[in-house]
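Chemist: One file is attached below, final.tsv, containing TSV, C-alpha atoms.
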chain	number	residue	atom	x	y	z
A	1	MET	CA	4.60	2.74	-33.36
A	2	THR	CA	5.49	2.08	-29.75
A	3	PRO	CA	5.82	-1.55	-28.74
A	4	ARG	CA	3.10	-2.98	-26.59
A	5	PRO	CA	4.04	-3.20	-22.89
A	6	PRO	CA	4.88	-6.73	-21.69
A	7	THR	CA	1.83	-6.95	-19.44
A	8	LEU	CA	-0.46	-6.43	-22.44
A	9	ARG	CA	1.26	-8.91	-24.73
A	10	GLU	CA	-0.28	-12.33	-25.16
A	11	LYS	CA	1.51	-15.09	-23.28
A	12	ARG	CA	3.21	-17.63	-25.47
A	13	ARG	CA	4.81	-20.98	-24.93
A	14	TYR	CA	7.37	-22.76	-27.07
A	15	VAL	CA	7.52	-26.49	-27.71
A	16	LEU	CA	10.75	-28.26	-28.65
A	17	ALA	CA	10.28	-31.21	-30.99
A	18	ARG	CA	12.86	-33.61	-32.38
A	19	ILE	CA	12.53	-34.37	-36.08
A	20	ASP	CA	12.88	-38.06	-36.93
A	21	PRO	CA	14.45	-39.71	-38.90
A	22	HIS	CA	17.94	-38.31	-38.49
A	23	GLY	CA	19.23	-36.17	-41.34
A	24	THR	CA	15.79	-35.17	-42.65
A	25	ALA	CA	16.51	-31.42	-42.26
A	26	PRO	CA	13.16	-30.18	-43.57
A	27	ASP	CA	12.64	-26.74	-45.00
A	28	PRO	CA	11.22	-24.57	-42.14
A	29	LYS	CA	8.45	-23.29	-44.40
A	30	GLU	CA	7.40	-26.81	-45.35
A	31	LEU	CA	7.45	-27.84	-41.70
A	32	TYR	CA	5.34	-24.78	-40.85
A	33	TYR	CA	2.72	-25.88	-43.39
A	34	ALA	CA	2.86	-29.49	-42.16
A	35	VAL	CA	2.27	-28.40	-38.53
A	36	HIS	CA	-0.42	-25.95	-39.60
A	37	GLU	CA	-2.21	-28.65	-41.58
A	38	ALA	CA	-1.99	-31.09	-38.65
A	39	VAL	CA	-3.40	-28.55	-36.18
A	40	THR	CA	-6.20	-27.45	-38.48
A	41	SER	CA	-7.23	-30.95	-39.54
A	42	LEU	CA	-7.31	-32.24	-35.96
A	43	TRP	CA	-8.76	-29.29	-34.07
A	44	GLY	CA	-10.40	-27.20	-36.78
A	45	ASP	CA	-9.98	-23.55	-37.75
A	46	ALA	CA	-11.46	-22.04	-34.57
A	47	ALA	CA	-9.26	-24.03	-32.18
A	48	GLY	CA	-6.34	-23.63	-34.59
A	49	ALA	CA	-6.66	-19.87	-34.29
A	50	LEU	CA	-6.67	-20.16	-30.49
A	51	ILE	CA	-3.58	-22.39	-30.53
A	52	HIS	CA	-1.87	-19.90	-32.85
A	53	GLY	CA	0.83	-22.46	-33.67
A	54	ALA	CA	3.83	-21.64	-35.82
A	55	VAL	CA	7.26	-23.13	-36.43
A	56	ILE	CA	9.67	-20.51	-35.13
A	57	ALA	CA	12.95	-22.21	-35.98
A	58	VAL	CA	14.44	-25.43	-37.24
A	59	GLU	CA	17.85	-26.01	-35.71
A	60	GLY	CA	19.47	-29.20	-36.92
A	61	GLU	CA	17.39	-32.11	-35.70
A	62	TYR	CA	15.05	-29.94	-33.64
A	63	ALA	CA	12.14	-27.62	-34.31
A	64	ILE	CA	10.81	-24.91	-32.02
A	65	VAL	CA	7.05	-24.45	-32.33
A	66	ARG	CA	5.17	-21.55	-30.81
A	67	CYS	CA	1.68	-21.66	-29.31
A	68	ARG	CA	-0.53	-19.60	-27.03
A	69	ARG	CA	-0.05	-20.36	-23.32
A	70	GLY	CA	-2.49	-23.01	-22.13
A	71	THR	CA	-2.72	-24.73	-25.52
A	72	GLU	CA	0.56	-26.70	-25.33
A	73	ARG	CA	-1.29	-29.97	-24.89
A	74	GLU	CA	-3.43	-29.46	-28.00
A	75	LEU	CA	-0.35	-28.47	-29.96
A	76	THR	CA	1.66	-31.52	-28.87
A	77	ILE	CA	-1.23	-33.85	-29.73
A	78	ALA	CA	-1.40	-32.25	-33.18
A	79	LEU	CA	2.39	-32.56	-33.54
A	80	SER	CA	2.09	-36.30	-33.01
A	81	THR	CA	-0.16	-36.47	-36.10
A	82	VAL	CA	2.47	-34.92	-38.40
A	83	ILE	CA	3.51	-37.77	-40.66
A	84	SER	CA	5.15	-36.09	-43.63
A	85	CYS	CA	6.88	-32.89	-44.58
A	86	GLY	CA	7.76	-31.91	-48.11
A	87	GLY	CA	6.82	-35.35	-49.39
A	88	ARG	CA	9.13	-37.13	-46.95
A	89	ARG	CA	8.04	-39.19	-43.96
A	90	VAL	CA	8.82	-37.59	-40.62
A	91	ALA	CA	7.80	-37.93	-36.98
A	92	LEU	CA	7.90	-35.06	-34.50
A	93	ARG	CA	8.79	-36.18	-30.98
A	94	THR	CA	7.94	-33.58	-28.34
A	95	VAL	CA	10.92	-33.08	-26.03
A	96	ALA	CA	10.09	-30.07	-23.86
A	97	ALA	CA	7.95	-26.96	-23.50
A	98	SER	CA	9.14	-23.63	-22.19
A	99	GLY	CA	8.23	-19.98	-21.90
A	100	THR	CA	11.33	-18.78	-23.72
A	101	ILE	CA	13.08	-19.75	-26.93
A	102	GLU	CA	16.41	-19.20	-25.21
A	103	SER	CA	15.85	-21.99	-22.67
A	104	LEU	CA	14.92	-24.38	-25.47
A	105	ARG	CA	18.12	-23.45	-27.32
A	106	GLU	CA	20.04	-24.31	-24.14
A	107	ARG	CA	18.13	-27.58	-24.03
A	108	ILE	CA	19.13	-28.35	-27.63
A	109	ALA	CA	22.76	-27.72	-26.73
A	110	ALA	CA	22.43	-30.03	-23.72
A	111	LEU	CA	20.90	-32.83	-25.78
A	112	GLN	CA	24.06	-34.41	-27.02
A	113	GLU	CA	23.81	-36.94	-29.79
A	114	PRO	CA	25.26	-40.37	-29.08
A	115	ALA	CA	28.89	-40.42	-30.16
A	116	PRO	CA	29.49	-42.11	-33.52
A	117	VAL	CA	30.50	-45.69	-32.97
A	118	PRO	CA	33.65	-46.82	-34.78
A	119	GLY	CA	33.63	-49.92	-36.90
A	120	VAL	CA	30.35	-49.33	-38.73
A	121	PRO	CA	30.61	-50.51	-42.33
A	122	ALA	CA	29.75	-48.18	-45.21
A	123	GLU	CA	27.30	-50.78	-46.44
A	124	CYS	CA	25.73	-53.96	-45.13
A	125	THR	CA	24.16	-57.10	-46.54
A	126	ILE	CA	20.74	-58.25	-45.35
A	127	ASP	CA	18.94	-61.23	-46.90
A	128	GLY	CA	21.39	-61.22	-49.80
A	129	MET	CA	20.85	-57.53	-50.59
A	130	THR	CA	23.48	-54.84	-50.08
A	131	TYR	CA	22.40	-51.53	-48.57
A	132	PRO	CA	24.46	-48.38	-47.92
A	133	VAL	CA	24.43	-47.27	-44.27
A	134	CYS	CA	23.11	-43.69	-44.07
A	135	TRP	CA	23.15	-43.04	-40.32
A	136	CYS	CA	24.44	-44.73	-37.22
A	137	ALA	CA	24.39	-43.67	-33.56
A	138	GLY	CA	24.56	-45.95	-30.57
A	139	GLN	CA	22.65	-49.11	-31.39
A	140	LYS	CA	20.63	-47.52	-34.17
A	141	ILE	CA	21.54	-47.96	-37.82
A	142	ASP	CA	19.54	-46.67	-40.78
A	143	VAL	CA	20.18	-48.08	-44.23
A	144	ILE	CA	18.89	-47.04	-47.65
A	145	GLU	CA	17.44	-49.27	-50.31
A	146	LYS	CA	17.81	-47.64	-53.68
A	147	GLY	CA	14.99	-48.52	-56.04
A	148	PHE	CA	14.28	-47.54	-59.63
A	149	LYS	CA	12.04	-44.60	-58.74
A	150	ASN	CA	12.81	-43.72	-55.14
A	151	THR	CA	14.67	-44.85	-52.05
A	152	THR	CA	13.40	-46.62	-48.97
A	153	ARG	CA	14.92	-46.23	-45.54
A	154	PHE	CA	15.16	-49.25	-43.25
A	155	PHE	CA	15.55	-48.89	-39.50
A	156	LEU	CA	17.81	-51.51	-37.93
A	157	THR	CA	20.17	-52.04	-35.00
A	158	ARG	CA	23.80	-53.06	-34.85
A	159	GLU	CA	22.68	-56.48	-33.65
A	160	ASP	CA	20.69	-56.95	-36.88
A	161	LEU	CA	23.91	-56.53	-38.88
A	162	GLU	CA	25.74	-59.00	-36.67
A	163	ASP	CA	23.01	-61.66	-37.12
B	1	MET	CA	1.71	-53.46	-14.72
B	2	LYS	CA	3.23	-53.77	-18.20
B	3	ILE	CA	2.68	-50.94	-20.65
B	4	THR	CA	2.10	-52.59	-24.01
B	5	ASP	CA	1.72	-51.42	-27.58
B	6	SER	CA	-0.69	-54.12	-28.68
B	7	CYS	CA	0.17	-54.34	-32.37
B	8	VAL	CA	3.22	-53.44	-34.43
B	9	TYR	CA	4.41	-54.80	-37.77
B	10	PRO	CA	8.18	-55.23	-37.99
B	11	ARG	CA	10.11	-56.32	-41.07
B	12	PRO	CA	9.30	-57.78	-43.56
B	13	THR	CA	5.79	-56.23	-43.37
B	14	GLY	CA	7.19	-52.94	-42.14
B	15	ASP	CA	10.48	-51.14	-42.66
B	16	SER	CA	11.97	-51.56	-39.17
B	17	SER	CA	13.50	-54.60	-37.54
B	18	VAL	CA	11.89	-55.95	-34.40
B	19	LYS	CA	15.02	-55.05	-32.42
B	20	ARG	CA	14.87	-51.44	-33.60
B	21	MET	CA	11.18	-51.30	-32.74
B	22	ALA	CA	11.95	-52.69	-29.27
B	23	LEU	CA	14.71	-50.11	-28.81
B	24	GLU	CA	12.36	-47.33	-29.90
B	25	ALA	CA	9.57	-48.68	-27.66
B	26	HIS	CA	11.99	-48.65	-24.72
B	27	GLU	CA	12.80	-44.98	-25.39
B	28	LEU	CA	9.10	-44.17	-25.78
B	29	GLY	CA	8.20	-45.67	-22.41
B	30	PHE	CA	6.82	-49.12	-23.24
B	31	ASP	CA	7.59	-52.37	-21.45
B	32	SER	CA	6.33	-54.75	-24.10
B	33	LEU	CA	5.21	-55.03	-27.70
B	34	VAL	CA	3.02	-57.41	-29.63
B	35	ALA	CA	4.81	-57.89	-32.95
B	36	VAL	CA	2.94	-59.61	-35.75
B	37	ASN	CA	4.53	-62.79	-37.12
B	38	THR	CA	7.64	-62.43	-34.98
B	39	PRO	CA	8.97	-65.05	-32.56
B	40	PRO	CA	8.81	-64.08	-28.88
B	41	CYS	CA	11.99	-62.48	-27.57
B	42	GLU	CA	13.33	-59.74	-25.33
B	43	HIS	CA	15.42	-56.83	-26.59
B	44	PHE	CA	16.62	-53.74	-24.70
B	45	GLY	CA	14.42	-54.65	-21.75
B	46	VAL	CA	11.27	-54.79	-23.86
B	47	THR	CA	9.33	-58.04	-24.04
B	48	VAL	CA	8.24	-58.86	-27.57
B	49	GLU	CA	5.27	-61.20	-27.88
B	50	THR	CA	4.12	-62.95	-31.01
B	51	GLY	CA	0.99	-61.60	-32.59
B	52	VAL	CA	-1.25	-63.11	-35.22
B	53	VAL	CA	-3.76	-61.00	-37.14
B	54	ILE	CA	-6.44	-63.03	-38.88
B	55	GLY	CA	-7.94	-61.13	-41.77
B	56	GLU	CA	-11.08	-61.58	-43.79
B	57	VAL	CA	-11.20	-65.36	-44.11
B	58	PRO	CA	-14.17	-67.77	-44.03
B	59	ALA	CA	-15.57	-68.84	-40.65
B	60	GLN	CA	-14.06	-72.35	-40.66
B	61	GLU	CA	-10.64	-70.95	-41.43
B	62	VAL	CA	-10.91	-68.41	-38.61
B	63	SER	CA	-11.39	-71.23	-36.09
B	64	ARG	CA	-8.48	-73.17	-37.57
B	65	GLU	CA	-6.15	-70.16	-37.58
B	66	VAL	CA	-7.15	-69.18	-34.04
B	67	LYS	CA	-6.32	-72.72	-32.89
B	68	HIS	CA	-3.02	-72.59	-34.74
B	69	GLY	CA	-2.17	-69.20	-33.22
B	70	ARG	CA	-3.10	-70.38	-29.75
B	71	GLU	CA	-0.83	-73.42	-30.11
B	72	ARG	CA	2.04	-71.06	-30.98
B	73	GLY	CA	1.33	-69.05	-27.84
B	74	ALA	CA	0.54	-65.95	-29.90
B	75	VAL	CA	-1.74	-63.03	-29.16
B	76	VAL	CA	-4.59	-63.76	-31.56
B	77	SER	CA	-6.31	-60.75	-33.13
B	78	VAL	CA	-9.15	-61.12	-35.60
B	79	LEU	CA	-10.20	-58.40	-38.00
B	80	ALA	CA	-13.77	-57.25	-37.35
B	81	GLY	CA	-16.39	-57.48	-40.06
B	82	ASP	CA	-20.16	-57.26	-40.08
B	83	ASN	CA	-22.25	-57.99	-37.01
B	84	GLY	CA	-22.70	-61.69	-37.76
B	85	ARG	CA	-19.00	-62.24	-38.26
B	86	ASN	CA	-18.15	-60.37	-35.06
B	87	ARG	CA	-20.58	-62.52	-33.05
B	88	MET	CA	-19.03	-65.63	-34.55
B	89	VAL	CA	-15.48	-64.41	-33.79
B	90	LEU	CA	-16.31	-63.43	-30.21
B	91	GLY	CA	-17.67	-66.93	-29.63
B	92	ILE	CA	-14.43	-68.66	-30.63
B	93	ARG	CA	-12.27	-69.74	-27.69
B	94	GLY	CA	-8.74	-68.37	-27.91
B	95	VAL	CA	-9.45	-65.02	-29.57
B	96	HIS	CA	-7.71	-62.30	-27.59
B	97	VAL	CA	-8.48	-59.14	-29.57
B	98	LEU	CA	-11.07	-57.96	-32.07
B	99	CYS	CA	-9.37	-55.31	-34.20
B	100	GLY	CA	-10.26	-53.00	-37.08
B	101	ILE	CA	-13.58	-51.85	-35.58
B	102	HIS	CA	-13.01	-48.32	-36.91
B	103	SER	CA	-13.47	-49.45	-40.50
B	104	THR	CA	-16.71	-51.37	-39.92
B	105	ASP	CA	-20.21	-49.98	-40.19
B	106	ARG	CA	-22.12	-48.61	-37.22
B	107	HIS	CA	-24.18	-51.77	-36.61
B	108	ALA	CA	-21.19	-54.13	-36.69
B	109	PHE	CA	-20.55	-53.79	-32.97
B	110	ASP	CA	-23.64	-53.42	-30.83
B	111	HIS	CA	-24.83	-54.16	-27.30
B	112	VAL	CA	-25.03	-57.92	-27.98
B	113	THR	CA	-21.45	-58.17	-29.25
B	114	SER	CA	-20.35	-55.90	-26.38
B	115	LYS	CA	-21.83	-58.30	-23.85
B	116	MET	CA	-20.23	-61.25	-25.64
B	117	ALA	CA	-16.84	-59.50	-25.57
B	118	ALA	CA	-17.23	-58.78	-21.86
B	119	ASP	CA	-18.35	-62.35	-21.06
B	120	ASN	CA	-15.58	-63.99	-23.09
B	121	GLY	CA	-12.85	-61.53	-22.09
B	122	VAL	CA	-12.09	-60.50	-25.66
B	123	ALA	CA	-10.46	-57.08	-25.89
B	124	ILE	CA	-11.51	-54.49	-28.45
B	125	ASP	CA	-8.60	-52.81	-30.18
B	126	ILE	CA	-8.43	-49.02	-30.37
B	127	SER	CA	-5.97	-48.44	-33.18
B	128	LEU	CA	-4.42	-44.98	-33.15
B	129	ALA	CA	-3.33	-45.37	-36.79
B	130	PRO	CA	-6.49	-43.75	-38.26
B	131	VAL	CA	-6.17	-40.89	-35.75
B	132	ILE	CA	-2.52	-40.30	-36.66
B	133	HIS	CA	-2.60	-41.00	-40.39
B	134	GLY	CA	-6.21	-40.28	-41.26
B	135	ARG	CA	-7.42	-36.91	-42.41
B	136	GLY	CA	-10.89	-35.48	-43.00
B	137	VAL	CA	-13.84	-37.81	-43.27
B	138	HIS	CA	-11.74	-40.95	-42.75
B	139	ARG	CA	-10.52	-39.76	-39.35
B	140	GLN	CA	-13.93	-38.37	-38.40
B	141	LYS	CA	-15.54	-41.73	-39.11
B	142	ALA	CA	-12.94	-43.55	-37.02
B	143	LEU	CA	-13.39	-41.10	-34.11
B	144	ASP	CA	-17.15	-41.54	-34.32
B	145	ARG	CA	-16.80	-45.33	-34.17
B	146	TYR	CA	-14.43	-45.07	-31.20
B	147	HIS	CA	-16.85	-42.77	-29.35
B	148	ASP	CA	-19.53	-45.42	-29.85
B	149	ILE	CA	-17.18	-48.19	-28.67
B	150	LEU	CA	-16.34	-46.14	-25.59
B	151	LEU	CA	-20.02	-45.68	-24.78
B	152	LEU	CA	-20.52	-49.46	-24.94
B	153	HIS	CA	-17.29	-50.05	-22.99
B	154	ARG	CA	-18.53	-47.88	-20.11
B	155	ARG	CA	-21.82	-49.82	-20.05
B	156	PHE	CA	-20.57	-53.41	-20.52
B	157	GLU	CA	-16.95	-53.09	-19.30
B	158	PHE	CA	-15.33	-55.26	-21.95
B	159	PRO	CA	-11.53	-54.92	-22.08
B	160	LEU	CA	-9.92	-52.33	-24.35
B	161	VAL	CA	-6.41	-52.33	-25.78
B	162	ILE	CA	-4.63	-49.45	-27.52
B	163	SER	CA	-2.21	-50.03	-30.36
B	164	SER	CA	-0.24	-47.97	-32.85
B	165	HIS	CA	-0.33	-50.55	-35.69
B	166	ALA	CA	3.09	-49.12	-36.54
B	167	ARG	CA	4.87	-50.41	-39.63
B	168	SER	CA	7.86	-48.20	-38.96
B	169	VAL	CA	9.59	-46.63	-35.99
B	170	LEU	CA	8.29	-43.33	-37.40
B	171	ASP	CA	4.73	-44.54	-36.77
B	172	MET	CA	5.42	-45.40	-33.13
B	173	ARG	CA	4.31	-42.93	-30.48
B	174	SER	CA	5.28	-42.41	-26.84
B	175	VAL	CA	3.04	-43.32	-23.91
B	176	ARG	CA	2.35	-39.62	-23.39
B	177	GLU	CA	1.38	-39.23	-27.05
B	178	PHE	CA	-0.85	-42.31	-26.76
B	179	SER	CA	-2.55	-40.62	-23.84
B	180	GLY	CA	-2.97	-37.36	-25.76
B	181	LEU	CA	-4.32	-39.04	-28.89
B	182	ALA	CA	-6.65	-41.22	-26.82
B	183	SER	CA	-8.02	-38.10	-25.16
B	184	VAL	CA	-9.26	-37.02	-28.61
B	185	ILE	CA	-11.40	-40.16	-28.60
B	186	GLY	CA	-12.63	-39.45	-25.09
B	187	LEU	CA	-10.44	-41.76	-23.04
B	188	ASP	CA	-9.11	-40.14	-19.87
B	189	ILE	CA	-5.76	-40.98	-18.27
B	190	PRO	CA	-6.99	-43.85	-16.00
B	191	ASP	CA	-8.75	-45.41	-19.01
B	192	VAL	CA	-5.57	-45.18	-21.07
B	193	GLU	CA	-3.46	-46.68	-18.28
B	194	GLN	CA	-5.91	-49.54	-17.98
B	195	ALA	CA	-6.04	-50.09	-21.75
B	196	LEU	CA	-2.25	-50.10	-22.05
B	197	SER	CA	-1.98	-52.71	-19.29
B	198	THR	CA	-4.89	-54.86	-20.49
B	199	MET	CA	-2.72	-57.01	-22.77
B	200	GLY	CA	-0.64	-58.19	-19.80
B	201	MET	CA	-3.81	-59.15	-17.92
B	202	ILE	CA	-5.26	-60.97	-20.94
B	203	ARG	CA	-2.05	-62.97	-21.34
B	204	SER	CA	-1.79	-63.81	-17.66
B	205	GLY	CA	-5.52	-64.55	-17.37
Take the structure in the file and give it back as structure tokens.
Modeler:
Amino acid sequence: MTPRPPTLREKRRYVLARIDPHGTAPDPKELYYAVHEAVTSLWGDAAGALIHGAVIAVEGEYAIVRCRRGTERELTIALSTVISCGGRRVALRTVAASGTIESLRERIAALQEPAPVPGVPAECTIDGMTYPVCWCAGQKIDVIEKGFKNTTRFFLTREDLED
Amino acid sequence: MKITDSCVYPRPTGDSSVKRMALEAHELGFDSLVAVNTPPCEHFGVTVETGVVIGEVPAQEVSREVKHGRERGAVVSVLAGDNGRNRMVLGIRGVHVLCGIHSTDRHAFDHVTSKMAADNGVAIDISLAPVIHGRGVHRQKALDRYHDILLLHRRFEFPLVISSHARSVLDMRSVREFSGLASVIGLDIPDVEQALSTMGMIRSG
């Protein structure tokens, strides 16, 4: 089968989204289903088919989501309604949209994470309770409360630990 | 013009500290936040104002709690109920926002309450939480109520505010996402800009 000439191919756009919280690293297939569910529940099957959204890649903290050209806005609105993936709470923050995956990969490389700050304790005490620190970058610190059945993540700042 | 998220719930109600929420709000493009049961402060260039949300309490208690909230200098929001309750709430001096309209029945907010809200300068809260978190019939009902509110807003011109009702930084959304989600309701960009800056005008007025 000969490939279709470029002029006859449908035009696509790619949206780069950051996956919050840090360290979630969702399974690409689960993220695909989460995005698909968000698009379908917000816009319906007919518009969902027009958007033709799909998670192309998950690279570290970022996901690249495909859509048909002209439907980026609908896709990004739907991405903002993604609240969980694989049973874990997530938020997808749209960073950029582009016509090529390559340019988004360059963008990912350019988006440097804040350098780890020295002097962050392995655990901290808040209101008499001790929590292990699970992530820290810049001012942001995430801590974990370990319960009997599951764990809860708290979102704090360095200033909260100093108080 | 201050861009304000009109209602967030930091710790202990939510899982994020008020400072972290302010930091996140700064990154998401907001200038100020109304944080429930939090003392007023400023973090990372974001002004945090105290908010009070008065739930389903008897009429006499609503007046008392509104007075108490006003004395604290808080943004006073009262949860909407049936039509009679909403008329009563809109008549109380010191109420800034009527919230939770999306979960009331269709007759709870009509042309009479709309006129009262416009006359008394009480803002109606458009919470994006049911649009973000809701699915199926729950979200459809909320969107339907918001369409109705918008119809009355265009006729009576009462103030609108938009809020995320975030209990976590993961529930917070950027100004652009607010605009996108509000477009699902039928609010265009000038409407969203006005709604996001309404809280500043209510506080200064």
Chemist: Excluding Thr113 of chain B and any residue of its chain fewer than 3 positions from it, enumerate the residues within 9 Å of it, using all atoms listed in the file, and give them as a list in words.
Modeler: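 What passes the distance filter is Asn83, Asn86, Arg87, Leu90, Ala108, Phe109, Asp110, Met116, Ala117 and Ala118 of chain B.
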Chemist: Quick one: which residues from chain A are at most 8 Å off chain B, using all atoms listed in the file, as a VMD selection string?
Modeler: chain A and resid 20 to 21 41 to 42 73 76 to 77 80 to 83 89 to 91 140 153 to 157 159 to 160
Chemist: To one decimal place in Å, what is the distance between atom CA of Pro132 of chain A and atom CA of Glu145 of chain A?
Modeler: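 We find that atom CA of Pro132 of chain A and atom CA of Glu145 of chain A lie 7.5 Å from each other.
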Chemist: Could you list, as a ChimeraX atom specification, every residue within 6 Å of segment 121-127 of chain B, counting all atoms listed in the file and ignoring same-chain residues fewer than 4 positions away?
Modeler: /B:96-99,117,159-164
Chemist: Which one of A:Cys85, A:Leu161, A:Ile101, A:Ile144 sits closest to Asp127 of chain A if you count only C-alpha atoms?
Modeler: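 For Asp127 of chain A, the nearest of the given residues is A:Leu161.
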Chemist: Segment 151-160 of chain B, all listed atoms, 6 Å padding on each side: what axis-aligned box centre and edge lengths in Å to one decimal come out, as AutoDock Vina command-line options?
Modeler:
--center_x -15.9 --center_y -50.5 --center_z -22.1 --size_x 23.9 --size_y 21.6 --size_z 17.6
Chemist: To one decimal in Å, tell me the separation between atom CA of Arg18 of chain A and atom CA of Val8 of chain B.
Modeler: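 Taking atom CA of Arg18 of chain A as the start and atom CA of Val8 of chain B as the end point, the length is 22.1 Å.
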Chemist: Let me make sure I understand: among A:Val55, A:Leu75, A:Ile108, A:Ile141, which one has the smallest atom-to-atom distance to Pro121 of chain A if we use all atoms listed in the file?
Modeler: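 Checking each of A:Val55, A:Leu75, A:Ile108, A:Ile141 against Pro121 of chain A, counting all atoms listed in the file, the winner is A:Ile141.
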Chemist: Would you list the contacts of Ala25 of chain B as a PDB file with C-alpha atoms, in the coordinates of the input, taking every protein, DNA or RNA residue within 8 Å and counting only C-alpha atoms, but skipping same-chain residues closer than 5 positions in sequence?
Modeler:
ATOM      1  CA  PHE B  30       6.820 -49.120 -23.240  1.00  0.00           C
ATOM      2  CA  ASP B  31       7.590 -52.370 -21.450  1.00  0.00           C
ATOM      3  CA  SER B  32       6.330 -54.750 -24.100  1.00  0.00           C
ATOM      4  CA  LEU B  33       5.210 -55.030 -27.700  1.00  0.00           C
ATOM      5  CA  VAL B  46      11.270 -54.790 -23.860  1.00  0.00           C
ATOM      6  CA  MET B 172       5.420 -45.400 -33.130  1.00  0.00           C
ATOM      7  CA  SER B 174       5.280 -42.410 -26.840  1.00  0.00           C
TER       8      SER B 174
END
Chemist: I want to know what sits within 12 Å of Met88 of chain B, based on all atoms listed in the file, with residues of the same chain fewer than 4 positions away left out; could you give that as a ChimeraX atom specification?
Modeler: /B:58-60,62-63,78-84,92-93,95,98,108,112-113,116-117
Chemist: Write out as a PyMOL selection string the residues lying within 8 Å of Tyr14 of chain A, counting only C-alpha atoms and excluding same-chain residues fewer than 4 positions away.
Modeler: chain A and resi 64-67+97-101+104
Chemist: Mind pulling up the distance from atom CA of Phe158 of chain B to atom CA of Asn120 of chain B?
Modeler: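 The value is 8.8 Å.
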Chemist: Scan for residues within 12 Å of the point (18.5, -24.7, -42.8) in the coordinates of the file, using all atoms listed in the file, and reply as an NGL selection string.
Modeler: :A and (23-31 or 57-63)
Chemist: Can I get the selected residues back with C-alpha atoms, as a compact mmCIF listing (two decimals), in the frame of the given file?
Modeler:
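Below is the file selection_19.txt, written as the result:
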# COMPACT_ATOMS: atom_id res chain seq x y z
CA GLY A 23 19.23 -36.17 -41.34
CA THR A 24 15.79 -35.17 -42.65
CA ALA A 25 16.51 -31.42 -42.26
CA PRO A 26 13.16 -30.18 -43.57
CA ASP A 27 12.64 -26.74 -45.00
CA PRO A 28 11.22 -24.57 -42.14
CA LYS A 29 8.45 -23.29 -44.40
CA GLU A 30 7.40 -26.81 -45.35
CA LEU A 31 7.45 -27.84 -41.70
CA ALA A 57 12.95 -22.21 -35.98
CA VAL A 58 14.44 -25.43 -37.24
CA GLU A 59 17.85 -26.01 -35.71
CA GLY A 60 19.47 -29.20 -36.92
CA GLU A 61 17.39 -32.11 -35.70
CA TYR A 62 15.05 -29.94 -33.64
CA ALA A 63 12.14 -27.62 -34.31
Chemist: Of the residues A:Lys146, A:Ala109, A:Ile19, A:Ala49, which is the one nearest to Thr130 of chain A, using all atoms listed in the file?
Modeler: A:Lys146
